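Presented below is the structure to which this report refers.
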Amino acid sequence: MSMNTTNQDKFNARTQMNDNVCTVFLSGELDLSVAPDFRLVMEPLVSNGENDLIVNMKDMTYIDSTGIGILLSILKARHGMKAGFGVEEVPPQIQKLFDMTGIAKFFAKQENSQ
Amino acid sequence: MNTDVQRITLNLPASADYVDIVRLNLYGIASKIGFSYEEIEDMKVAVSEACNNSVLYAYGQDGGMVDVFFEVTQDYLSITVRDEGESFESNGRSEGSETLHDKELSDVQIGGLGFYLMEALMDEVSIKNQAGKGTEVVLTKRLSRSEEPV
């Protein structure tokens with residue numbers, strides 16, 4: 001993946017494949033400034049319907065509405081492809097925003113269907 | 001109310017790369033005057049959303065500046081985010097704040113969440129658009145006096 005060095009300190013994405021499950025480990029702050037980088041990383045992973053896709057948020061410290069908007073567009077795309085998409089190890093301050101905005105219910109539905 | 005008001009001013013390029021600088025300053029100021037970790041996290045989100053709006057909608061390709069004023073009193077912290085660009089309502093984004101709670105995934109529109117988060121996470125939000133003179137968002141959080149100061 002291509003990210004410039006200053007943004008890499010701020011936000012990073014690492015991808016791991018395991019038995020048809022692709023997990024993307026995010027760290028740092030997912031905000032407007034790194035949104036293009038995040039979209040770039042996710043694009044090929046989202047369009048591959050063979051694998052389940054999971055975003056691990058354990059090391060994330062911040063997300064803004066831009067980041068939530070990208071997750072929402074991934075949910076829509078994966079739903080349209082009938083492919084799995086979920087989040088795991090969501091820190092409490094981020095889960096709070098997921099609950100407030102209502103995106104949490106879409107992740108919950110995904111979990112139930114697996 | 002105590003009349004002693006202290007002001008801290010930031011003047012930054014309206015660029016996504018500087019929004020984290022606003023968050024860092026907010027963190028420093030808010031923790032200094034005794035806000036809790038959760039309150040500071042809430043304010044970080046709200047203030048960033050206000051900055052995002054200026055970055056995205058104020059100036060187009062030419063760029064411009066954003067002013068951020070922190071107003072500190074004994075009772076509250078008030079943060080003003082002001083640009084001198086196009087107001088975002090005039091860019092057809094007047095649908096206001098909305099959540100996803102009553103929507104199906106297929107009906108979901110991306111956008112509008114930023115305003116909702118500002119309103120939900122702060123005690124007071126005021127948004128002033130002046131045609132051709134930019135947008136001013138004022139976000140206020142009251143200091144709860146229930147806890148002993150550190």
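Simple scheme: letters A, B, ... for chains in structure tokens order, numbers from 1 for residues in each chain, numbers from 1 for ligands in the order shown.
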Can you list, as a ChimeraX atom specification, all residues belonging to region 35-150 of chain B that DSSP tags as strand (DSSP E or B)?
/B:65-72,76-83,124-130,134-142
Residues near region 49-53 of chain A, anyone? I mean within 7 Å using only C-alpha atoms, not counting same-chain ones fewer than 2 positions away, as a PDB file with N, CA and C atoms, in the first residue's frame.
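In the end it all went to selection.pdb:
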```pdb
ATOM      1  N   ASN A  20      -9.719 -17.896   4.039  1.00  0.00           N
ATOM      2  CA  ASN A  20     -10.818 -17.142   3.425  1.00  0.00           C
ATOM      3  C   ASN A  20     -11.355 -15.999   4.277  1.00  0.00           C
ATOM      4  N   VAL A  21     -10.609 -15.621   5.311  1.00  0.00           N
ATOM      5  CA  VAL A  21     -10.976 -14.422   6.059  1.00  0.00           C
ATOM      6  C   VAL A  21      -9.844 -13.414   5.932  1.00  0.00           C
ATOM      7  N   CYS A  22     -10.189 -12.264   5.403  1.00  0.00           N
ATOM      8  CA  CYS A  22      -9.200 -11.199   5.282  1.00  0.00           C
ATOM      9  C   CYS A  22      -9.427 -10.198   6.410  1.00  0.00           C
ATOM     10  N   THR A  23      -8.409 -10.039   7.246  1.00  0.00           N
ATOM     11  CA  THR A  23      -8.535  -9.101   8.365  1.00  0.00           C
ATOM     12  C   THR A  23      -7.614  -7.911   8.137  1.00  0.00           C
ATOM     13  N   SER A  47     -13.892  -5.602  -3.141  1.00  0.00           N
ATOM     14  CA  SER A  47     -14.438  -6.164  -4.383  1.00  0.00           C
ATOM     15  C   SER A  47     -14.192  -7.666  -4.506  1.00  0.00           C
ATOM     16  N   VAL A  55     -12.546  -5.782   9.739  1.00  0.00           N
ATOM     17  CA  VAL A  55     -11.659  -4.684  10.143  1.00  0.00           C
ATOM     18  C   VAL A  55     -11.455  -4.771  11.652  1.00  0.00           C
ATOM     19  N   MET A  81     -23.097  -7.578  -2.678  1.00  0.00           N
ATOM     20  CA  MET A  81     -22.408  -8.766  -3.208  1.00  0.00           C
ATOM     21  C   MET A  81     -22.736 -10.022  -2.420  1.00  0.00           C
ATOM     22  N   ALA A  83     -21.612 -10.646   0.493  1.00  0.00           N
ATOM     23  CA  ALA A  83     -20.337 -11.062   1.080  1.00  0.00           C
ATOM     24  C   ALA A  83     -20.221 -10.488   2.491  1.00  0.00           C
ATOM     25  N   GLY A  84     -19.497 -11.201   3.342  1.00  0.00           N
ATOM     26  CA  GLY A  84     -19.420 -10.809   4.752  1.00  0.00           C
ATOM     27  C   GLY A  84     -18.521  -9.606   4.984  1.00  0.00           C
ATOM     28  N   PHE A  85     -18.934  -8.766   5.917  1.00  0.00           N
ATOM     29  CA  PHE A  85     -18.088  -7.649   6.368  1.00  0.00           C
ATOM     30  C   PHE A  85     -18.416  -7.341   7.820  1.00  0.00           C
ATOM     31  N   GLY A  86     -17.382  -7.257   8.638  1.00  0.00           N
ATOM     32  CA  GLY A  86     -17.619  -6.954  10.047  1.00  0.00           C
ATOM     33  C   GLY A  86     -16.463  -6.194  10.664  1.00  0.00           C
TER      34      GLY A  86
END
```
Check: Which residues, written as a count of residues only, have at least one atom at most 9 Å from region 12-15 of chain B, with only C-alpha atoms counted and residues fewer than 6 positions away on the same chain left out?
Finding: 17
*asked:* Set the cut-off to 8 Å and count only C-alpha atoms: what are the residues of chain B that reach chain A? Output as a PyMOL selection string.
replied: chain B and resi 16-17+38+41+45+48-49+52+99-101+105-106+110-111+113-114+116-117
- Query: For Asn48 (chain A), which of A:Ile74, A:Phe107, A:Gln95, A:Val90 is the closest residue, counting only C-alpha atoms?
  - Reply: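 The shortest atom-to-atom distance to Asn48 (chain A) comes from A:Ile74.
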Query - Pairwise distance for CA of Phe69 (chain B) and CA of Gln130 (chain B), rounded to one decimal in Å - result: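 These atoms are spaced 18.4 Å apart.
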In terms of only C-alpha atoms, the residue from A:Pro91, A:Leu26, A:Gly67, A:Lys58 at minimal distance from Arg39 (chain A) is A:Gly67
Report task. Extract, using only C-alpha atoms, all DNA, RNA and protein residues at most 7 Å from region 138-142 of chain B, discarding same-chain residues fewer than 2 positions from it, and format them as a ChimeraX atom specification. Result -> /B:75-81,122-127,136,144
List every residue of region 36-95 of chain B that DSSP, applied to the backbone of this structure, places in helix (DSSP H, G or I), and write the result as a list in words.
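Matching residues, listed in order: Tyr37, Glu38, Glu39, Ile40, Glu41, Asp42, Met43, Lys44, Val45, Ala46, Val47, Ser48, Glu49, Ala50, Cys51, Asn52, Asn53, Ser54, Val55, Leu56, Tyr57, Gly60, Gln61, Asp62, Phe88, Glu89, Ser90 and Asn91 of chain B.
Here CA of Asn25 (chain B) stands at a distance of 9.5 Å from CA of Ile8 (chain B).
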Go ahead and compute the interatomic distance for CA of Leu121 (chain B) and CA of Glu39 (chain B), in Å to one decimal.
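Between CA of Leu121 (chain B) and CA of Glu39 (chain B) the gap is 8.4 Å.
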